[in-house]
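Engineer: Got a structure here, written out as structure tokens. Questions coming.
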Amino acid sequence: MSEPGIVTLLTDFGLDDPYVGIMKGVMLSIERRLTLVDVCHGVPPQNVAVGALWLSHAFGWFPPESVHLAVVDPGVGSERRALGVRASGHAFVAPDNGLLSRLALASPAFEARQIDARRLGLELPSRTFHGRDLFAKVAALWASKQLRFEELGPVVDDPVMLSAERPSDDGANAEGRVIAVDRFGNLITDLPGKLLERAGAVLELEGRRLRRVGTYAEAREGECVALVSSFGLVEVAARNQSAAVLLGAGPGARVAQRSEPA
Amino acid sequence: MSEPGIVTLLTDFGLDDPYVGIMKGVMLSIERRLTLVDVCHGVPPQNVAVGALWLSHAFGWFPPESVHLAVVDPGVGSERRALGVRASGHAFVAPDNGLLSRLALASPAFEARQIDARRLGLELPSRTFHGRDLFAKVAALWASKQLRFEELGPVVDDPVMLSAERPSDDGANAEGRVIAVDRFGNLITDLPGKLLERAGAVLELEGRRLRRVGTYAEAREGECVALVSSFGLVEVAARNQSAAVLLGAGPGARVAQRSEPA
Amino acid sequence: MSEPGIVTLLTDFGLDDPYVGIMKGVMLSIERRLTLVDVCHGVPPQNVAVGALWLSHAFGWFPPESVHLAVVDPGVGSERRALGVRASGHAFVAPDNGLLSRLALASPAFEARQIDARRLGLELPSRTFHGRDLFAKVAALWASKQLRFEELGPVVDDPVMLSAERPSDDGANAEGRVIAVDRFGNLITDLPGKLLERAGAVLELEGRRLRRVGTYAEAREGECVALVSSFGLVEVAARNQSAAVLLGAGPGARVAQRSEPA
């Protein structure tokens with residue numbers, strides 16, 4: 001008896017409504033012994049950029065060959081494609097809207113196929129909930145080895161990439177943005193944490209200089225500081241308080257690393 | 001070795017407090033190998049109507065013989081009965097307060113029994129948390145085949161039904177209400193989606209006419225539209241915005257389908 | 001084949017962000033067949049007192065030998081110790097900041113050891129997320145019997161205890177505080193419920209006298225009442241409303257039981 005698979009779920013559905021539960025029901029109806037694990041469902045509604053960030057930093061902590069089901073899907077029912085992807089030893093099922101674009105940038109090998117629902121014999125009873133009608137089914141079939149990557153549909157060479165600017169970096173100074181705010185009010189930026197190791201590195205958020213520390217506990221009461229997040233990115237935080245509230249800053253805020261003479 | 005069962009959970013307990021976790025502990029203490037799946041726990045506190053709606057549309061996506069544990073229980077500790085129900089090939093455990101009434105209306109065969117805690121030898125250490133002390137135990141025993149439906153207690157012929165008005169329908173025009181608002185601000189009504197297929201059908205919410213579309217993506221920026229939800233009900237939605245906010249409408253708002261001459 | 005273990009999770013991480021999901025990924029990477037169960041993740045950020053309360057009342061409902069992973073960790077990355085604990089037939093992994101102090105007070109046998117990450121060969125890639133890098137790993141290794149309690153590190157005789165005042169009690173009158181507010185707006189106090197059984201017992205919250213009832217349903221519309229919670233503690237509640245809102249009270253509010261002549 002082969003080991004049943006793991007499917008992780010990441011959506012913007014929240015957990016108040018039954019949408020995530022229904023997707024799990026669909027998957028257990030296909031393979032009763034799947035292990036289903038929530039990555040998170042609190043991606044802000046329709047916010048593909050935050051979904052892409054969380055997914056790219058979460059999947060690697062799961063066992064290889066896990067199937068990661070990601071649904072942030074403002075274009076559901078329209079012509080947007082549905083993708084199955086193989087990358088970094090993991091599998092991914094998601095709408096083709098940029099949700100996998102951080103993964104694509106970070107993965108040396110990134111193979112994508114368009115999911116051909118008709119060829120796979122998958123009914124689409126609704127035009128508004130492909131998480132249930134398409135993505136969950138494909139994830140469950142794939143994780144339980146009832147479906148192989150090569151069978152999903154035609155190869156895709158041009159997956160949609162998020163148009164958002166990448167951080168700029170001239171080797172001494174870099175500029176990026178706040179992408180997400182977590183429950184603690186920490187501001188997660190798109191700047192790699194190693195920038196803080198540059199000689200004379202200082203960090204500014206919207207022009208405000210922040211002291212660099214190693215842990216939250218090093219911040220003074222009421223002080224906002226810069227540190228390397230557990231994802232390896234520059235993070236702006238406060239001690240036992242919300243940096244987002246203290247700074248009045250959120251997604252989109254500009255953050256700059258500058259190198260100053262000693 | 002027989003397959004251990006599935007228990008789904010639907011409550012108004014939220015996930016911030018440990019109540020749902022404790023119910024799971026109780027069930028795993030009865031049968032270690034049960035599969036426990038959250039349907040949702042964000043039913044508005046004491047809102048039996050929303051719980052009944054979500055339950056009736058969620059259970060059918062799970063494998064047959066799943067046990068569905070539903071606890072929205074403002075009358076806990078009072079004389080309200082506790083029910084075990086068999087319907088549509090599934091099993092249900094819930095307080096007798098209308099939570100199963102949508103299920104009862106939709107299921108050709110609906111058999112109910114009153115759970116007789118004393119006869120089953122179940123202790124009730126509290127008068128305020130029968131989800132833990134009664135419903136979770138019965139669900140786990142039933143799902144793991146340590147208890148049969150016939151053993152639960154006496155047959156119930158008069159389960160409590162929600163008193164709320166049903167939608168009216170004269171064959172050409174129908175009127176109903178908004179029952180729930182989901183995380184996206186979509187307004188879920190009790191009108192069957194097929195009403196939108198009537199010749200000359202138009203939809204009005206609180207007197208405001210809404211365009212009918214097939215997918216969210218067809219709505220214009222800032223426009224509220226009517227479509228058939230993934231549950232097969234009429235839903236009012238906006239594109240990447242909350243229809244509830246745009247319309248200032250919520251549960252109880254009146255919605256009407258009218259047939260107009262071509 | 002030995003039975004794989006149970007790990008429960010209690011944190012202040014919330015479920016909107018991927019932190020809890022990542023910890024689960026780490027644990028499944030260590031032992032694929034672990035049963036992972038959320039106790040709750042809505043402990044108010046950095047609120048060790050609420051975490052300690054929920055943990056002490058939740059763990060006992062799980063099967064013996066469950067491993068309870070608790071992370072409310074404002075001092076992460078500082079010198080605070082990491083603990084492994086054996087008590088009441090269960091296992092616990094948590095920062096040494098008082099999170100286990102209610103458990104310690106309630107457990108006749110409470111054995112603690114400091115987790116020695118270096119000796120265990122555990123990498124700490126971050127200084128800000130020991131939930132992922134340390135606690136989840138130890139919990140998974142312990143639950144799957146790849147690590148024994150005695151191997152964790154040196155014995156700890158002086159675990160950090162919460163400095164908060166204990167309830168005072170002179171045998172006739174007692175005073176305590178509201179510790180937590182749950183989703184329903186119920187105020188959970190630290191007064192043992194049996195105080196309400198004293199002859200002539202009355203309860204006051206911030207000087208306001210509250211009627212004692214047995215169930216929520218006994219309260220009148222708009223009335224706040226005292227009852228024994230499902231945890232065996234004095235709880236202040238209202239019927240289908242939030243007592244916290246009605247009374248304008250929250251954590252820290254003073255609550256007193258007085259004995260009055262008949």
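Identifiers in the structure tokens: chain A, B, ... in order shown; residue index from 1 per chain; ligand index from 1 in order shown.
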With only C-alpha atoms as the counted atoms, please give the residues lying no more than 10 Å from segment 75-78 of chain B, apart from itself and same-chain residues fewer than 5 positions off, as a list in words.
Structural biologist: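 Listing them by chain and then by number gives Gln46, Pro95, Asp96, Asn97, Leu124, Ser126, Arg127, Thr128, Phe129, His130 and Gly131 of chain B; Gly214, Thr215, Tyr216, Ala217, Glu218, Arg239 and Asn240 of chain C.
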Engineer: Name the residues of segment 46-121 of chain C that come out as strand (DSSP E) in a backbone DSSP run; write them as a compact mmCIF listing (two decimals) with all heavy atoms, in the first residue's frame.
Structural biologist:
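What follows is the written file states-v6.txt:
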# COMPACT_ATOMS: atom_id res chain seq x y z
N VAL C 67 1.69 15.37 22.93
CA VAL C 67 2.69 16.43 23.10
C VAL C 67 2.02 17.76 22.77
O VAL C 67 1.43 17.91 21.70
CB VAL C 67 3.91 16.21 22.18
CG1 VAL C 67 4.89 17.37 22.31
CG2 VAL C 67 4.59 14.89 22.51
N HIS C 68 2.08 18.69 23.71
CA HIS C 68 1.42 19.99 23.55
C HIS C 68 2.47 21.05 23.28
O HIS C 68 3.30 21.36 24.13
CB HIS C 68 0.59 20.32 24.78
CG HIS C 68 -0.42 19.24 25.10
ND1 HIS C 68 -1.61 19.14 24.44
CD2 HIS C 68 -0.36 18.18 25.95
CE1 HIS C 68 -2.27 18.07 24.89
NE2 HIS C 68 -1.54 17.48 25.81
N LEU C 69 2.42 21.59 22.08
CA LEU C 69 3.36 22.60 21.61
C LEU C 69 2.71 23.96 21.81
O LEU C 69 1.66 24.24 21.23
CB LEU C 69 3.62 22.32 20.13
CG LEU C 69 4.36 23.34 19.29
CD1 LEU C 69 5.73 23.63 19.86
CD2 LEU C 69 4.49 22.79 17.86
N ALA C 70 3.30 24.77 22.67
CA ALA C 70 2.71 26.08 23.00
C ALA C 70 3.74 27.17 22.75
O ALA C 70 4.84 27.13 23.31
CB ALA C 70 2.25 26.11 24.45
N VAL C 71 3.38 28.13 21.89
CA VAL C 71 4.33 29.19 21.57
C VAL C 71 3.65 30.56 21.65
O VAL C 71 2.89 30.95 20.76
CB VAL C 71 4.94 29.00 20.16
CG1 VAL C 71 6.06 30.02 19.94
CG2 VAL C 71 5.49 27.59 19.98
N ALA C 82 14.23 27.42 26.68
CA ALA C 82 13.17 26.62 26.06
C ALA C 82 12.98 25.38 26.92
O ALA C 82 13.95 24.76 27.34
CB ALA C 82 13.56 26.23 24.65
N LEU C 83 11.71 25.03 27.18
CA LEU C 83 11.43 23.94 28.11
C LEU C 83 10.75 22.75 27.45
O LEU C 83 9.90 22.91 26.56
CB LEU C 83 10.51 24.42 29.24
CG LEU C 83 11.01 25.47 30.20
CD1 LEU C 83 9.95 25.73 31.29
CD2 LEU C 83 12.33 25.04 30.85
N GLY C 84 11.10 21.57 27.93
CA GLY C 84 10.30 20.37 27.73
C GLY C 84 9.80 19.93 29.11
O GLY C 84 10.57 19.93 30.07
N VAL C 85 8.51 19.61 29.20
CA VAL C 85 7.93 19.31 30.51
C VAL C 85 7.10 18.03 30.44
O VAL C 85 6.44 17.75 29.42
CB VAL C 85 7.05 20.51 30.97
CG1 VAL C 85 6.05 20.10 32.04
CG2 VAL C 85 7.93 21.65 31.47
N ARG C 86 7.16 17.27 31.54
CA ARG C 86 6.27 16.12 31.71
C ARG C 86 5.38 16.41 32.89
O ARG C 86 5.86 16.72 33.99
CB ARG C 86 7.09 14.87 32.01
CG ARG C 86 7.12 13.92 30.88
CD ARG C 86 7.72 12.59 31.15
NE ARG C 86 8.55 12.43 32.31
CZ ARG C 86 9.48 11.47 32.42
NH1 ARG C 86 9.69 10.64 31.41
NH2 ARG C 86 10.18 11.33 33.51
N ALA C 87 4.05 16.33 32.69
CA ALA C 87 3.13 16.60 33.80
C ALA C 87 1.78 15.98 33.49
O ALA C 87 1.33 16.01 32.33
CB ALA C 87 2.97 18.12 34.01
N HIS C 90 1.06 14.00 30.35
CA HIS C 90 1.19 14.63 29.04
C HIS C 90 2.59 15.25 28.90
O HIS C 90 3.33 15.36 29.88
CB HIS C 90 0.13 15.73 28.87
CG HIS C 90 -1.27 15.19 28.71
ND1 HIS C 90 -1.98 15.27 27.55
CD2 HIS C 90 -2.08 14.57 29.60
CE1 HIS C 90 -3.18 14.71 27.70
NE2 HIS C 90 -3.27 14.29 28.95
N ALA C 91 2.92 15.65 27.70
CA ALA C 91 4.21 16.29 27.43
C ALA C 91 3.98 17.69 26.88
O ALA C 91 2.98 17.94 26.20
CB ALA C 91 4.98 15.46 26.41
N PHE C 92 4.91 18.60 27.19
CA PHE C 92 4.75 20.00 26.82
C PHE C 92 6.07 20.56 26.31
O PHE C 92 7.13 20.25 26.86
CB PHE C 92 4.29 20.83 28.02
CG PHE C 92 2.98 20.34 28.60
CD1 PHE C 92 2.96 19.28 29.51
CD2 PHE C 92 1.78 20.90 28.19
CE1 PHE C 92 1.75 18.81 30.01
CE2 PHE C 92 0.58 20.44 28.69
CZ PHE C 92 0.55 19.38 29.60
N VAL C 93 5.99 21.40 25.30
CA VAL C 93 7.16 22.08 24.76
C VAL C 93 6.79 23.55 24.65
O VAL C 93 5.78 23.87 24.01
CB VAL C 93 7.54 21.50 23.39
CG1 VAL C 93 8.74 22.24 22.81
CG2 VAL C 93 7.83 20.00 23.49
N ALA C 94 7.59 24.43 25.25
CA ALA C 94 7.20 25.85 25.31
C ALA C 94 8.38 26.69 25.75
O ALA C 94 9.32 26.19 26.36
CB ALA C 94 6.05 26.03 26.31
N PRO C 95 8.32 27.99 25.47
CA PRO C 95 9.33 28.90 26.04
C PRO C 95 9.14 29.00 27.55
O PRO C 95 8.03 28.84 28.06
CB PRO C 95 9.05 30.24 25.35
CG PRO C 95 7.62 30.16 24.89
CD PRO C 95 7.37 28.71 24.59
N PHE C 110 5.47 17.64 38.16
CA PHE C 110 5.80 18.55 37.07
C PHE C 110 7.31 18.51 36.90
O PHE C 110 8.06 19.01 37.75
CB PHE C 110 5.33 19.97 37.44
CG PHE C 110 5.62 21.02 36.40
CD1 PHE C 110 4.67 21.37 35.43
CD2 PHE C 110 6.84 21.69 36.38
CE1 PHE C 110 4.94 22.36 34.50
CE2 PHE C 110 7.12 22.67 35.44
CZ PHE C 110 6.16 23.01 34.49
N GLU C 111 7.77 17.85 35.86
CA GLU C 111 9.22 17.73 35.64
C GLU C 111 9.60 18.54 34.41
O GLU C 111 9.02 18.33 33.34
CB GLU C 111 9.59 16.28 35.37
CG GLU C 111 9.25 15.31 36.48
CD GLU C 111 9.52 13.89 35.99
OE1 GLU C 111 10.65 13.43 36.15
OE2 GLU C 111 8.59 13.28 35.42
N ALA C 112 10.58 19.42 34.55
CA ALA C 112 10.99 20.29 33.44
C ALA C 112 12.45 20.08 33.10
O ALA C 112 13.29 19.84 33.98
CB ALA C 112 10.74 21.75 33.81
N ARG C 113 12.75 20.17 31.83
CA ARG C 113 14.14 20.18 31.36
C ARG C 113 14.32 21.30 30.35
O ARG C 113 13.40 21.65 29.61
CB ARG C 113 14.49 18.83 30.69
CG ARG C 113 14.68 17.71 31.70
CD ARG C 113 15.01 16.39 31.04
NE ARG C 113 15.18 15.35 32.04
CZ ARG C 113 16.37 15.01 32.57
NH1 ARG C 113 17.47 15.63 32.18
NH2 ARG C 113 16.44 14.07 33.49
N GLN C 114 15.53 21.87 30.37
CA GLN C 114 15.85 22.90 29.39
C GLN C 114 16.26 22.24 28.09
O GLN C 114 17.12 21.35 28.08
CB GLN C 114 17.00 23.78 29.91
CG GLN C 114 17.39 24.87 28.92
CD GLN C 114 18.43 25.83 29.46
OE1 GLN C 114 18.89 25.69 30.59
NE2 GLN C 114 18.80 26.80 28.64
Engineer: Could you tell me which residues of chain A sit within 12 Å of chain B when counting only C-alpha atoms, and give me the result as a VMD selection string?
Structural biologist: chain A and resid 11 to 38 41 to 48 72 to 80 124 to 133 136 to 137
Engineer: Could you work out how far atom CA of Glu150 of chain A lies from atom CA of Arg119 of chain A, giving the answer in Å with one decimal?
Structural biologist: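 Computing the Euclidean distance for atom CA of Arg119 of chain A and atom CA of Glu150 of chain A yields 12.5 Å.
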Engineer: Just give me the gap between atom CA of Ala253 of chain A and atom CA of Glu206 of chain A in Å, one decimal is fine.
Structural biologist: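 Going from atom CA of Ala253 of chain A over to atom CA of Glu206 of chain A covers 6.5 Å.
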Engineer: Rounded to one decimal in Å, what is the spacing between atom CA of Val138 of chain A and atom CA of Asp158 of chain A?
Structural biologist: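 Interatomic distance here is 20.9 Å.
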Engineer: If you run DSSP on this backbone, which residues of segment 210-251 of chain C come out as alpha helix (DSSP H), and could you give them as a ChimeraX atom specification?
Structural biologist: /C:243-247
Engineer: Keeping only all heavy atoms, write those residues as a short mmCIF file (atom, residue, chain, number, x, y, z; two decimals), in the first residue's frame.
Structural biologist:
data_model
loop_
_atom_site.label_atom_id
_atom_site.label_comp_id
_atom_site.auth_asym_id
_atom_site.auth_seq_id
_atom_site.Cartn_x
_atom_site.Cartn_y
_atom_site.Cartn_z
N ALA C 243 -21.22 39.89 27.23
CA ALA C 243 -21.12 40.50 28.56
C ALA C 243 -20.00 41.53 28.59
O ALA C 243 -20.09 42.55 29.28
CB ALA C 243 -20.88 39.42 29.62
N ALA C 244 -18.94 41.28 27.84
CA ALA C 244 -17.82 42.23 27.80
C ALA C 244 -18.30 43.59 27.30
O ALA C 244 -17.92 44.63 27.82
CB ALA C 244 -16.71 41.69 26.90
N VAL C 245 -19.15 43.57 26.28
CA VAL C 245 -19.67 44.81 25.73
C VAL C 245 -20.68 45.43 26.69
O VAL C 245 -20.63 46.63 27.00
CB VAL C 245 -20.31 44.58 24.34
CG1 VAL C 245 -21.10 45.80 23.88
CG2 VAL C 245 -19.23 44.20 23.33
N LEU C 246 -21.60 44.62 27.20
CA LEU C 246 -22.64 45.15 28.10
C LEU C 246 -22.04 45.79 29.34
O LEU C 246 -22.55 46.80 29.84
CB LEU C 246 -23.61 44.04 28.51
CG LEU C 246 -24.58 43.54 27.43
CD1 LEU C 246 -25.35 42.31 27.92
CD2 LEU C 246 -25.56 44.64 27.01
N LEU C 247 -20.97 45.18 29.86
CA LEU C 247 -20.37 45.68 31.10
C LEU C 247 -19.19 46.62 30.84
O LEU C 247 -18.68 47.23 31.78
CB LEU C 247 -19.89 44.51 31.97
CG LEU C 247 -20.99 43.60 32.52
CD1 LEU C 247 -20.38 42.30 33.05
CD2 LEU C 247 -21.77 44.31 33.63
#
Engineer: Excluding same-chain residues fewer than 3 positions from Arg118 of chain C, what lies within 12 Å of it counting only C-alpha atoms, as a list in words?
Structural biologist: Gln114, Ile115, Gly121, Leu122, Glu123, Leu124, Leu134, Leu152 and Gly153 of chain C
